[in-house]
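Peer 1: Contents are mmCIF, C-alpha atoms and all ligand atoms; file name input-v3.cif:
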data_upload
#
loop_
_atom_site.group_PDB
_atom_site.id
_atom_site.type_symbol
_atom_site.label_atom_id
_atom_site.label_comp_id
_atom_site.auth_asym_id
_atom_site.auth_seq_id
_atom_site.Cartn_x
_atom_site.Cartn_y
_atom_site.Cartn_z
ATOM 1 C CA MET V 1 -14.044 -13.726 -14.285
ATOM 2 C CA GLU V 2 -12.677 -10.222 -14.683
ATOM 3 C CA GLY V 3 -9.020 -9.682 -15.451
ATOM 4 C CA ILE V 4 -6.463 -7.966 -13.256
ATOM 5 C CA THR V 5 -3.894 -5.464 -14.391
ATOM 6 C CA VAL V 6 -0.558 -5.485 -12.575
ATOM 7 C CA PHE V 7 1.793 -2.526 -12.890
ATOM 8 C CA SER V 8 5.478 -2.940 -12.111
ATOM 9 C CA HIS V 9 8.889 -1.897 -13.438
ATOM 10 C CA SER V 10 12.492 -3.101 -13.382
ATOM 11 C CA ASP V 11 13.458 0.284 -11.841
ATOM 12 C CA CYS V 12 11.544 -0.833 -8.735
ATOM 13 C CA ILE V 13 13.746 -3.923 -8.510
ATOM 14 C CA ALA V 14 16.915 -1.866 -8.977
ATOM 15 C CA LYS V 15 16.425 0.146 -5.789
ATOM 16 C CA ASP V 16 19.111 -0.963 -3.351
ATOM 17 C CA ASN V 17 18.891 -0.528 0.422
ATOM 18 C CA GLY V 18 22.172 -2.222 1.293
ATOM 19 C CA GLU V 19 23.073 -5.598 2.725
ATOM 20 C CA ASN V 20 20.782 -7.266 5.260
ATOM 21 C CA HIS V 21 18.030 -4.705 4.720
ATOM 22 C CA PRO V 22 14.560 -6.320 4.951
ATOM 23 C CA GLU V 23 13.128 -4.137 2.149
ATOM 24 C CA ARG V 24 15.175 -5.822 -0.579
ATOM 25 C CA LYS V 25 14.839 -6.391 -4.305
ATOM 26 C CA GLU V 26 14.169 -10.114 -3.872
ATOM 27 C CA ARG V 27 10.754 -9.204 -2.448
ATOM 28 C CA LEU V 28 9.602 -7.895 -5.787
ATOM 29 C CA GLU V 29 11.399 -10.606 -7.737
ATOM 30 C CA VAL V 30 9.512 -13.408 -5.957
ATOM 31 C CA ILE V 31 6.246 -11.505 -6.320
ATOM 32 C CA LEU V 32 6.688 -11.105 -10.075
ATOM 33 C CA ASP V 33 7.741 -14.759 -10.362
ATOM 34 C CA SER V 34 4.649 -15.783 -8.469
ATOM 35 C CA ILE V 35 2.455 -13.602 -10.684
ATOM 36 C CA LYS V 36 3.980 -15.031 -13.868
ATOM 37 C CA ASN V 37 3.255 -18.552 -12.627
ATOM 38 C CA ILE V 38 -0.430 -17.959 -11.952
ATOM 39 C CA ASP V 39 -2.085 -19.491 -14.997
ATOM 40 C CA GLU V 40 -5.699 -19.546 -13.905
ATOM 41 C CA LEU V 41 -6.137 -15.775 -13.547
ATOM 42 C CA ASN V 42 -6.381 -13.373 -16.454
ATOM 43 C CA ILE V 43 -3.461 -11.110 -15.458
ATOM 44 C CA SER V 44 -2.088 -8.416 -17.685
ATOM 45 C CA LEU V 45 1.364 -7.244 -16.581
ATOM 46 C CA LYS V 46 2.257 -3.698 -17.658
ATOM 47 C CA GLU V 47 5.175 -1.304 -17.188
ATOM 48 C CA ALA V 48 4.604 1.501 -14.723
ATOM 49 C CA PRO V 49 5.249 4.978 -16.142
ATOM 50 C CA LEU V 50 7.202 7.666 -14.276
ATOM 51 C CA ALA V 51 4.934 9.834 -12.115
ATOM 52 C CA ASP V 52 4.835 13.523 -12.988
ATOM 53 C CA PHE V 53 5.682 16.047 -10.295
ATOM 54 C CA LYS V 54 2.444 17.965 -10.726
ATOM 55 C CA THR V 55 0.433 14.926 -9.687
ATOM 56 C CA ILE V 56 2.748 14.079 -6.773
ATOM 57 C CA ASN V 57 2.341 17.704 -5.673
ATOM 58 C CA LEU V 58 -1.318 16.918 -4.891
ATOM 59 C CA VAL V 59 0.183 15.389 -1.713
ATOM 60 C CA HIS V 60 3.862 16.325 -1.406
ATOM 61 C CA PRO V 61 5.080 19.917 -2.005
ATOM 62 C CA GLN V 62 7.778 20.430 -4.634
ATOM 63 C CA THR V 63 10.196 21.795 -2.004
ATOM 64 C CA TYR V 64 10.065 18.410 -0.259
ATOM 65 C CA LEU V 65 10.657 16.504 -3.511
ATOM 66 C CA ASP V 66 13.520 18.822 -4.536
ATOM 67 C CA GLU V 67 15.231 18.302 -1.203
ATOM 68 C CA LEU V 68 14.631 14.539 -1.289
ATOM 69 C CA PHE V 69 15.966 14.062 -4.805
ATOM 70 C CA SER V 70 18.921 16.397 -4.181
ATOM 71 C CA MET V 71 20.085 13.826 -1.624
ATOM 72 C CA VAL V 72 20.207 10.975 -4.183
ATOM 73 C CA PRO V 73 23.861 9.846 -4.279
ATOM 74 C CA SER V 74 25.777 8.972 -7.466
ATOM 75 C CA SER V 75 26.935 5.804 -5.713
ATOM 76 C CA GLY V 76 26.533 4.162 -2.313
ATOM 77 C CA LEU V 77 23.679 4.871 0.084
ATOM 78 C CA VAL V 78 22.439 7.995 1.876
ATOM 79 C CA GLY V 79 20.088 7.878 4.870
ATOM 80 C CA VAL V 80 17.279 10.441 4.842
ATOM 81 C CA GLU V 81 16.402 10.136 8.519
ATOM 82 C CA LYS V 82 18.145 10.757 11.772
ATOM 83 C CA GLU V 83 18.944 7.934 14.210
ATOM 84 C CA PRO V 84 17.445 5.614 15.376
ATOM 85 C CA TYR V 85 15.686 5.174 12.043
ATOM 86 C CA ALA V 86 18.673 5.298 9.727
ATOM 87 C CA ASP V 87 17.263 2.542 7.524
ATOM 88 C CA THR V 88 15.296 4.728 5.085
ATOM 89 C CA VAL V 89 17.981 5.152 2.456
ATOM 90 C CA LEU V 90 18.474 6.472 -1.056
ATOM 91 C CA CYS V 91 20.695 4.855 -3.694
ATOM 92 C CA SER V 92 21.631 6.093 -7.170
ATOM 93 C CA GLN V 93 18.502 4.487 -8.700
ATOM 94 C CA SER V 94 16.060 5.630 -6.034
ATOM 95 C CA LYS V 95 14.523 8.524 -7.945
ATOM 96 C CA GLU V 96 13.402 6.303 -10.830
ATOM 97 C CA ALA V 97 12.046 3.650 -8.432
ATOM 98 C CA ILE V 98 10.093 6.229 -6.417
ATOM 99 C CA LEU V 99 8.614 7.795 -9.564
ATOM 100 C CA ARG V 100 7.702 4.390 -11.065
ATOM 101 C CA ALA V 101 6.031 3.248 -7.810
ATOM 102 C CA CYS V 102 3.895 6.363 -7.749
ATOM 103 C CA GLY V 103 3.387 6.279 -11.526
ATOM 104 C CA ALA V 104 1.941 2.776 -11.184
ATOM 105 C CA GLY V 105 -0.816 4.217 -9.011
ATOM 106 C CA ILE V 106 -1.534 7.139 -11.318
ATOM 107 C CA GLN V 107 -1.744 4.895 -14.385
ATOM 108 C CA SER V 108 -3.910 2.449 -12.418
ATOM 109 C CA ALA V 109 -6.321 5.283 -11.711
ATOM 110 C CA ASN V 110 -6.422 6.151 -15.428
ATOM 111 C CA GLU V 111 -7.134 2.548 -16.457
ATOM 112 C CA LEU V 112 -9.697 2.135 -13.713
ATOM 113 C CA MET V 113 -11.654 5.263 -14.576
ATOM 114 C CA ASN V 114 -11.346 4.742 -18.329
ATOM 115 C CA GLY V 115 -12.992 1.349 -17.877
ATOM 116 C CA VAL V 116 -10.034 -0.774 -18.981
ATOM 117 C CA THR V 117 -10.193 -2.922 -15.846
ATOM 118 C CA LYS V 118 -11.673 -2.777 -12.359
ATOM 119 C CA ARG V 119 -8.958 -4.569 -10.394
ATOM 120 C CA LEU V 120 -5.384 -3.352 -10.346
ATOM 121 C CA PHE V 121 -2.324 -4.262 -8.339
ATOM 122 C CA CYS V 122 0.810 -2.124 -8.133
ATOM 123 C CA ALA V 123 3.746 -4.502 -7.595
ATOM 124 C CA VAL V 124 6.165 -1.767 -6.633
ATOM 125 C CA ARG V 125 8.864 -0.698 -4.234
ATOM 126 C CA PRO V 126 9.663 1.472 -2.412
ATOM 127 C CA PRO V 127 6.425 1.233 -0.418
ATOM 128 C CA GLY V 128 4.502 4.393 0.505
ATOM 129 C CA HIS V 129 2.220 4.274 3.538
ATOM 130 C CA HIS V 130 4.726 5.679 6.054
ATOM 131 C CA ALA V 131 5.556 8.713 3.872
ATOM 132 C CA GLU V 132 4.035 11.872 5.338
ATOM 133 C CA THR V 133 3.467 15.170 3.508
ATOM 134 C CA THR V 134 7.043 16.349 4.051
ATOM 135 C CA ARG V 135 8.754 13.417 5.758
ATOM 136 C CA ALA V 136 10.229 10.190 4.421
ATOM 137 C CA ASN V 137 10.362 7.344 6.944
ATOM 138 C CA GLY V 138 9.858 3.597 7.319
ATOM 139 C CA PHE V 139 11.431 2.798 3.890
ATOM 140 C CA CYS V 140 8.852 5.164 2.278
ATOM 141 C CA PHE V 141 9.438 8.446 0.395
ATOM 142 C CA VAL V 142 6.291 9.227 -1.601
ATOM 143 C CA ASN V 143 2.884 8.010 -0.464
ATOM 144 C CA ASN V 144 1.757 6.093 -3.548
ATOM 145 C CA ALA V 145 -1.749 5.312 -2.254
ATOM 146 C CA ALA V 146 -2.353 8.883 -1.074
ATOM 147 C CA VAL V 147 -1.243 10.437 -4.377
ATOM 148 C CA THR V 148 -3.527 8.011 -6.220
ATOM 149 C CA ALA V 149 -6.489 8.916 -3.993
ATOM 150 C CA ARG V 150 -5.977 12.654 -4.560
ATOM 151 C CA TYR V 151 -5.460 12.091 -8.297
ATOM 152 C CA LEU V 152 -8.744 10.152 -8.512
ATOM 153 C CA GLN V 153 -10.519 13.050 -6.832
ATOM 154 C CA ASN V 154 -8.756 15.759 -8.787
ATOM 155 C CA LYS V 155 -8.836 14.291 -12.282
ATOM 156 C CA PHE V 156 -12.038 12.227 -12.165
ATOM 157 C CA ASN V 157 -14.075 14.277 -9.731
ATOM 158 C CA LEU V 158 -14.608 11.504 -7.217
ATOM 159 C CA LYS V 159 -16.051 12.675 -3.936
ATOM 160 C CA LYS V 160 -15.236 9.728 -1.685
ATOM 161 C CA VAL V 161 -12.222 7.424 -1.766
ATOM 162 C CA ALA V 162 -11.362 4.827 0.882
ATOM 163 C CA ILE V 163 -7.905 3.518 1.724
ATOM 164 C CA ILE V 164 -7.837 0.229 3.636
ATOM 165 C CA ASP V 165 -4.464 -0.700 5.108
ATOM 166 C CA PHE V 166 -3.834 -4.253 6.370
ATOM 167 C CA ASP V 167 -0.050 -3.945 6.583
ATOM 168 C CA VAL V 168 1.018 -4.972 10.105
ATOM 169 C CA HIS V 169 2.448 -1.478 10.660
ATOM 170 C CA HIS V 170 0.273 1.616 10.999
ATOM 171 C CA GLY V 171 0.278 3.873 7.928
ATOM 172 C CA ASN V 172 1.231 7.023 9.791
ATOM 173 C CA GLY V 173 1.857 8.826 6.504
ATOM 174 C CA THR V 174 -1.561 8.140 5.023
ATOM 175 C CA GLN V 175 -3.219 9.110 8.284
ATOM 176 C CA GLU V 176 -1.259 12.376 8.529
ATOM 177 C CA ILE V 177 -2.054 13.333 4.924
ATOM 178 C CA PHE V 178 -5.813 12.864 5.281
ATOM 179 C CA TYR V 179 -6.239 13.658 8.976
ATOM 180 C CA THR V 180 -8.525 16.651 8.338
ATOM 181 C CA ASP V 181 -9.989 15.472 5.017
ATOM 182 C CA LYS V 182 -13.485 14.049 5.309
ATOM 183 C CA SER V 183 -13.514 12.976 1.651
ATOM 184 C CA VAL V 184 -10.964 10.219 2.258
ATOM 185 C CA PHE V 185 -11.597 7.279 4.585
ATOM 186 C CA TYR V 186 -8.508 5.702 6.109
ATOM 187 C CA GLY V 187 -8.854 2.417 7.981
ATOM 188 C CA SER V 188 -5.897 0.484 9.368
ATOM 189 C CA ILE V 189 -5.470 -2.740 11.332
ATOM 190 C CA HIS V 190 -1.964 -3.046 12.747
ATOM 191 C CA GLN V 191 0.102 -4.487 15.564
ATOM 192 C CA HIS V 192 0.529 -2.094 18.468
ATOM 193 C CA PRO V 193 2.915 -1.277 20.012
ATOM 194 C CA LEU V 194 5.180 -1.508 16.972
ATOM 195 C CA PHE V 195 6.828 0.933 14.541
ATOM 196 C CA PRO V 196 5.810 3.735 13.903
ATOM 197 C CA GLY V 197 3.915 3.906 17.217
ATOM 198 C CA THR V 198 0.882 5.819 15.904
ATOM 199 C CA GLY V 199 -2.559 4.375 15.138
ATOM 200 C CA LEU V 200 -4.392 4.423 18.452
ATOM 201 C CA GLU V 201 -8.145 3.966 18.276
ATOM 202 C CA SER V 202 -8.499 7.502 19.680
ATOM 203 C CA GLU V 203 -6.869 8.970 16.544
ATOM 204 C CA THR V 204 -10.017 9.582 14.528
ATOM 205 C CA GLY V 205 -9.252 12.630 12.332
ATOM 206 C CA VAL V 206 -12.519 14.323 11.384
ATOM 207 C CA GLY V 207 -14.430 11.080 11.763
ATOM 208 C CA ASN V 208 -12.668 9.628 8.695
ATOM 209 C CA ILE V 209 -9.831 7.740 10.408
ATOM 210 C CA PHE V 210 -10.456 4.240 11.810
ATOM 211 C CA ASN V 211 -7.609 2.553 13.647
ATOM 212 C CA ALA V 212 -7.712 -1.007 14.926
ATOM 213 C CA PRO V 213 -4.556 -1.652 16.951
ATOM 214 C CA ILE V 214 -4.054 -5.343 17.813
ATOM 215 C CA SER V 215 -1.635 -7.237 19.998
ATOM 216 C CA SER V 216 0.673 -9.796 18.427
ATOM 217 C CA ASP V 217 -1.145 -12.702 20.113
ATOM 218 C CA VAL V 218 -4.518 -12.264 18.391
ATOM 219 C CA THR V 219 -5.792 -15.433 16.795
ATOM 220 C CA ARG V 220 -6.622 -15.520 13.095
ATOM 221 C CA ASP V 221 -10.331 -15.504 13.943
ATOM 222 C CA GLN V 222 -9.921 -12.535 16.262
ATOM 223 C CA PHE V 223 -7.998 -10.678 13.553
ATOM 224 C CA MET V 224 -10.852 -11.152 11.079
ATOM 225 C CA GLU V 225 -13.456 -10.210 13.690
ATOM 226 C CA ILE V 226 -11.635 -6.969 14.574
ATOM 227 C CA PHE V 227 -11.003 -6.158 10.893
ATOM 228 C CA SER V 228 -14.662 -6.697 10.182
ATOM 229 C CA THR V 229 -16.139 -4.681 13.063
ATOM 230 C CA LYS V 230 -13.609 -1.819 13.226
ATOM 231 C CA ILE V 231 -12.745 -1.337 9.546
ATOM 232 C CA LEU V 232 -15.144 -3.070 7.131
ATOM 233 C CA LYS V 233 -18.306 -1.998 8.931
ATOM 234 C CA ASN V 234 -17.211 1.643 8.782
ATOM 235 C CA VAL V 235 -16.073 1.627 5.160
ATOM 236 C CA ASP V 236 -19.431 0.092 4.309
ATOM 237 C CA LEU V 237 -21.130 3.103 5.922
ATOM 238 C CA PHE V 238 -18.759 5.510 4.111
ATOM 239 C CA LYS V 239 -19.759 4.140 0.664
ATOM 240 C CA PRO V 240 -16.546 4.932 -1.245
ATOM 241 C CA GLU V 241 -16.511 5.354 -5.019
ATOM 242 C CA VAL V 242 -13.149 3.567 -5.255
ATOM 243 C CA ILE V 243 -11.287 1.432 -2.713
ATOM 244 C CA ILE V 244 -7.503 1.607 -2.488
ATOM 245 C CA ILE V 245 -5.702 -1.111 -0.548
ATOM 246 C CA SER V 246 -2.374 -0.671 1.206
ATOM 247 C CA ALA V 247 -1.480 -4.345 0.993
ATOM 248 C CA GLY V 248 1.323 -5.301 3.332
ATOM 249 C CA PHE V 249 1.842 -8.994 4.000
ATOM 250 C CA ASP V 250 3.868 -8.641 7.194
ATOM 251 C CA ALA V 251 1.102 -9.832 9.538
ATOM 252 C CA HIS V 252 1.975 -13.302 8.175
ATOM 253 C CA LYS V 253 3.311 -15.761 10.754
ATOM 254 C CA ARG V 254 6.632 -16.105 8.879
ATOM 255 C CA ASP V 255 7.345 -12.374 8.792
ATOM 256 C CA PRO V 256 10.536 -11.337 10.609
ATOM 257 C CA LEU V 257 9.463 -7.759 11.451
ATOM 258 C CA ALA V 258 6.260 -8.402 13.422
ATOM 259 C CA GLY V 259 4.522 -10.958 15.626
ATOM 260 C CA VAL V 260 1.027 -11.486 14.206
ATOM 261 C CA ASN V 261 0.340 -15.015 12.988
ATOM 262 C CA LEU V 262 -1.804 -14.939 9.861
ATOM 263 C CA GLU V 263 -1.624 -17.732 7.292
ATOM 264 C CA SER V 264 -1.271 -17.105 3.561
ATOM 265 C CA GLU V 265 -4.904 -18.107 2.944
ATOM 266 C CA ASP V 266 -6.090 -15.391 5.331
ATOM 267 C CA TYR V 267 -5.085 -12.820 2.734
ATOM 268 C CA PHE V 268 -7.661 -14.366 0.403
ATOM 269 C CA THR V 269 -10.375 -13.875 3.030
ATOM 270 C CA ILE V 270 -9.266 -10.335 3.893
ATOM 271 C CA THR V 271 -9.089 -9.287 0.240
ATOM 272 C CA GLN V 272 -12.390 -10.946 -0.607
ATOM 273 C CA SER V 273 -14.110 -9.050 2.194
ATOM 274 C CA ILE V 274 -12.814 -5.763 0.760
ATOM 275 C CA VAL V 275 -13.897 -6.717 -2.766
ATOM 276 C CA GLU V 276 -17.408 -7.396 -1.435
ATOM 277 C CA ILE V 277 -17.649 -3.807 -0.171
ATOM 278 C CA ALA V 278 -16.299 -2.535 -3.498
ATOM 279 C CA MET V 279 -18.987 -4.522 -5.320
ATOM 280 C CA ARG V 280 -21.642 -2.992 -3.091
ATOM 281 C CA HIS V 281 -20.607 0.668 -3.290
ATOM 282 C CA SER V 282 -17.700 1.251 -5.662
ATOM 283 C CA ASN V 283 -18.791 -0.397 -8.906
ATOM 284 C CA GLY V 284 -16.231 -3.087 -8.027
ATOM 285 C CA ARG V 285 -13.281 -0.701 -8.402
ATOM 286 C CA VAL V 286 -10.153 -1.595 -6.411
ATOM 287 C CA ILE V 287 -6.524 -0.492 -6.721
ATOM 288 C CA SER V 288 -4.073 -2.325 -4.459
ATOM 289 C CA PHE V 289 -0.498 -1.348 -3.599
ATOM 290 C CA LEU V 290 2.302 -3.512 -2.291
ATOM 291 C CA GLU V 291 3.484 -2.082 1.016
ATOM 292 C CA GLY V 292 5.428 -4.344 3.426
ATOM 293 C CA GLY V 293 5.964 -8.095 3.796
ATOM 294 C CA TYR V 294 9.487 -9.336 4.316
ATOM 295 C CA ASP V 295 9.445 -13.125 4.164
ATOM 296 C CA LEU V 296 9.950 -14.285 0.590
ATOM 297 C CA GLN V 297 7.992 -17.541 0.821
ATOM 298 C CA ALA V 298 5.085 -15.814 2.533
ATOM 299 C CA LEU V 299 5.102 -13.039 -0.074
ATOM 300 C CA SER V 300 4.967 -15.523 -2.900
ATOM 301 C CA GLU V 301 1.946 -17.312 -1.364
ATOM 302 C CA CYS V 302 0.151 -14.203 -0.144
ATOM 303 C CA ILE V 303 0.329 -12.452 -3.517
ATOM 304 C CA LYS V 304 -1.375 -15.429 -5.121
ATOM 305 C CA ALA V 305 -4.134 -15.388 -2.487
ATOM 306 C CA HIS V 306 -4.525 -11.613 -2.794
ATOM 307 C CA LEU V 307 -4.797 -11.653 -6.593
ATOM 308 C CA GLU V 308 -7.163 -14.628 -6.597
ATOM 309 C CA ALA V 309 -9.553 -12.752 -4.338
ATOM 310 C CA LEU V 310 -9.091 -9.524 -6.308
ATOM 311 C CA SER V 311 -10.086 -11.286 -9.509
ATOM 312 C CA ASN V 312 -13.405 -12.535 -8.138
HETATM 313 ZN ZN ZN V 401 4.712 -3.088 7.317
#
Would you mind giving the structure from this file in structure tokens?

Peer 2:
Amino acid sequence: MEGITVFSHSDCIAKDNGENHPERKERLEVILDSIKNIDELNISLKEAPLADFKTINLVHPQTYLDELFSMVPSSGLVGVEKEPYADTVLCSQSKEAILRACGAGIQSANELMNGVTKRLFCAVRPPGHHAETTRANGFCFVNNAAVTARYLQNKFNLKKVAIIDFDVHHGNGTQEIFYTDKSVFYGSIHQHPLFPGTGLESETGVGNIFNAPISSDVTRDQFMEIFSTKILKNVDLFKPEVIIISAGFDAHKRDPLAGVNLESEDYFTITQSIVEIAMRHSNGRVISFLEGGYDLQALSECIKAHLEALSN
């Protein structure tokens, strides 16, 4: 059995979104607890470094980052979006958390391509898949998965990278960033209609975007069938050199923000099916990022299932 490297950092726990916010520090605390209690997997837990601006600039222009970080308050919270989405907020520790979350991806890419390990999980917050080139939204500021994909291409000369997103929300940011970029595959299964409202099947980019919108009443079998025919089949044809996962666990039946009814064990099956494609085309190389998932018990169980499948 191969080992897994997990990148995280206490700065990612320190990010505060205010009382009663679903994207809260306890999410990462239960995930790290769960990871520390998995004895049977060979997990190496490492500290995420701070991302450098030059690498983030592969996706987000410096003007955007300057404006974003100029809004970081010395105390209290500042919203970066207009109503009705006033829940994407910065606190005094946000800059460090954002840079660690992205740095986890960059360092994962280094370890992956330097042959240290083939399976990596970034246990980070804030999440990234809603962050567009110049727009923070949906609790996301910097698109961690997108920066990692561009870094893999830029630094290690990879031609084809795939991002598979099974968070229950559509990754509007990732789609926007790669919408005209044939070298990056983006496939997403998500509840629709639901925030952010994008992700129709007709949004296909330059033949590189694959959206599978589902209604909240799909059965678990239907979910897997749709994921398989709309996403997996197409990523198989794309033959990526590395697979990045935007791993949100909010399609779980306990999740308070959505209506899909997956069980914790389904995340084993979903992850295993992605690993199979990686074994076929990508030399087994997978980097996964924590995105959403807002029920603590579900998160704890789903992380275990996800990492078990990743380690196979
Ligand atoms: Zn989500």

Peer 1: Would you write out, as number ranges by chain, every residue that the PyMOL selection byres (((chain V and resi 117-124) around 9) and not hetatm) captures in this file?

Peer 2: V: 2-9, 12-13, 28, 31-32, 48, 97-98, 100-102, 104-105, 108-109, 111-116, 125-127, 283-291, 307, 310-311

Peer 1: Collect all residues with atoms no farther than 12 Å from ligand ZN 401 (chain V), counting all atoms listed in the file, and output them as number ranges by chain.

Peer 2: V: 22-23, 126-130, 137-140, 165-172, 188-192, 194-196, 246-252, 255-260, 290-295

Peer 1: How far is it from atom CA of V:Gly197 to atom CA of V:Tyr179, in Å with one decimal?

Peer 2: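 Computing it gives 16.3 Å between the two atoms.
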
Peer 1: So that I can see what lies close to V:Val80, please list as a short mmCIF file (atom, residue, chain, number, x, y, z; two decimals) with C-alpha atoms, in the frame of the given file the residues with an atom at most 10 Å from it, counting all atoms listed in the file and leaving out residues fewer than 6 positions away in the same chain.

Peer 2:
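Saved to around-v6.cif:
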data_model
loop_
_atom_site.label_atom_id
_atom_site.label_comp_id
_atom_site.auth_asym_id
_atom_site.auth_seq_id
_atom_site.Cartn_x
_atom_site.Cartn_y
_atom_site.Cartn_z
CA LEU V 68 14.63 14.54 -1.29
CA MET V 71 20.08 13.83 -1.62
CA VAL V 72 20.21 10.98 -4.18
CA ALA V 86 18.67 5.30 9.73
CA ASP V 87 17.26 2.54 7.52
CA THR V 88 15.30 4.73 5.08
CA VAL V 89 17.98 5.15 2.46
CA LEU V 90 18.47 6.47 -1.06
CA ARG V 135 8.75 13.42 5.76
CA ALA V 136 10.23 10.19 4.42
CA ASN V 137 10.36 7.34 6.94
CA PHE V 139 11.43 2.80 3.89
CA PHE V 141 9.44 8.45 0.40
#

Peer 1: Got a sec: who's within 12 Å of V:His60, counting only C-alpha atoms, leaving out chain neighbours fewer than 2 positions off, as a PyMOL selection string?

Peer 2: chain V and resi 52-58+62-68+102+131-136+141-144+146-147+150+173-174+176-177

Peer 1: Looking at only C-alpha atoms, which of V:Asn261, V:Lys36, V:Leu50, V:Ser70 is the one that sits closest to V:Ala298?

Peer 2: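 Of the candidates, the smallest distance to V:Ala298 is held by V:Asn261.
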
Peer 1: Which residues are near V:Phe238? Cut-off 10 Å, all atoms listed in the file, ignore same chain within fewer than 3 positions. Put them as a PyMOL selection string.

Peer 2: chain V and resi 160-162+183-185+208+232-235+241+281

Peer 1: Can you write just those residues out, C-alpha atoms, as a compact mmCIF listing (two decimals), keeping the file's coordinate frame?

Peer 2:
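Ended up saving to selection_35.txt:
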# COMPACT_ATOMS: atom_id res chain seq x y z
CA LYS V 160 -15.24 9.73 -1.68
CA VAL V 161 -12.22 7.42 -1.77
CA ALA V 162 -11.36 4.83 0.88
CA SER V 183 -13.51 12.98 1.65
CA VAL V 184 -10.96 10.22 2.26
CA PHE V 185 -11.60 7.28 4.58
CA ASN V 208 -12.67 9.63 8.70
CA LEU V 232 -15.14 -3.07 7.13
CA LYS V 233 -18.31 -2.00 8.93
CA ASN V 234 -17.21 1.64 8.78
CA VAL V 235 -16.07 1.63 5.16
CA GLU V 241 -16.51 5.35 -5.02
CA HIS V 281 -20.61 0.67 -3.29

Peer 1: Looking at V:Phe156, V:Phe223, V:Phe178, V:Phe210, which one is nearest to V:Val59, with distances taken over all atoms listed in the file?

Peer 2: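 So, comparing all the options, the nearest one is V:Phe178.
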
Peer 1: Just checking: using only C-alpha atoms, which residue out of V:Leu41, V:Pro73, V:Ser92, V:Lys46 ends up closest to V:Ala309?

Peer 2: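 Between V:Leu41, V:Pro73, V:Ser92, V:Lys46, the residue approaching V:Ala309 most closely is V:Leu41.
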
Peer 1: Complete stretch 205-217 of chain V at the level of N, CA and C atoms, written as a PDB file, keeping the file's coordinate frame.

Peer 2:
ATOM      1  N   GLY V 205      -9.188  11.595  13.362  1.00  0.00           N
ATOM      2  CA  GLY V 205      -9.252  12.630  12.332  1.00  0.00           C
ATOM      3  C   GLY V 205     -10.523  13.450  12.463  1.00  0.00           C
ATOM      4  N   VAL V 206     -11.221  13.635  11.341  1.00  0.00           N
ATOM      5  CA  VAL V 206     -12.519  14.323  11.384  1.00  0.00           C
ATOM      6  C   VAL V 206     -13.630  13.287  11.183  1.00  0.00           C
ATOM      7  N   GLY V 207     -13.456  12.168  11.881  1.00  0.00           N
ATOM      8  CA  GLY V 207     -14.430  11.080  11.763  1.00  0.00           C
ATOM      9  C   GLY V 207     -14.160  10.202  10.556  1.00  0.00           C
ATOM     10  N   ASN V 208     -13.007  10.384   9.915  1.00  0.00           N
ATOM     11  CA  ASN V 208     -12.668   9.628   8.695  1.00  0.00           C
ATOM     12  C   ASN V 208     -11.539   8.629   8.909  1.00  0.00           C
ATOM     13  N   ILE V 209     -10.959   8.626  10.125  1.00  0.00           N
ATOM     14  CA  ILE V 209      -9.831   7.740  10.408  1.00  0.00           C
ATOM     15  C   ILE V 209     -10.305   6.631  11.357  1.00  0.00           C
ATOM     16  N   PHE V 210     -10.036   5.383  10.987  1.00  0.00           N
ATOM     17  CA  PHE V 210     -10.456   4.240  11.810  1.00  0.00           C
ATOM     18  C   PHE V 210      -9.253   3.336  12.051  1.00  0.00           C
ATOM     19  N   ASN V 211      -8.767   3.363  13.294  1.00  0.00           N
ATOM     20  CA  ASN V 211      -7.609   2.553  13.647  1.00  0.00           C
ATOM     21  C   ASN V 211      -8.014   1.364  14.494  1.00  0.00           C
ATOM     22  N   ALA V 212      -7.471   0.202  14.140  1.00  0.00           N
ATOM     23  CA  ALA V 212      -7.712  -1.007  14.926  1.00  0.00           C
ATOM     24  C   ALA V 212      -6.361  -1.595  15.338  1.00  0.00           C
ATOM     25  N   PRO V 213      -5.816  -1.089  16.466  1.00  0.00           N
ATOM     26  CA  PRO V 213      -4.556  -1.652  16.951  1.00  0.00           C
ATOM     27  C   PRO V 213      -4.794  -3.034  17.552  1.00  0.00           C
ATOM     28  N   ILE V 214      -3.900  -3.984  17.270  1.00  0.00           N
ATOM     29  CA  ILE V 214      -4.054  -5.343  17.813  1.00  0.00           C
ATOM     30  C   ILE V 214      -2.747  -5.787  18.463  1.00  0.00           C
ATOM     31  N   SER V 215      -2.854  -6.694  19.413  1.00  0.00           N
ATOM     32  CA  SER V 215      -1.635  -7.237  19.998  1.00  0.00           C
ATOM     33  C   SER V 215      -1.171  -8.411  19.138  1.00  0.00           C
ATOM     34  N   SER V 216       0.095  -8.772  19.304  1.00  0.00           N
ATOM     35  CA  SER V 216       0.673  -9.796  18.427  1.00  0.00           C
ATOM     36  C   SER V 216       0.049 -11.173  18.667  1.00  0.00           C
ATOM     37  N   ASP V 217      -0.624 -11.358  19.817  1.00  0.00           N
ATOM     38  CA  ASP V 217      -1.145 -12.702  20.113  1.00  0.00           C
ATOM     39  C   ASP V 217      -2.611 -12.895  19.709  1.00  0.00           C
TER      40      ASP V 217
END
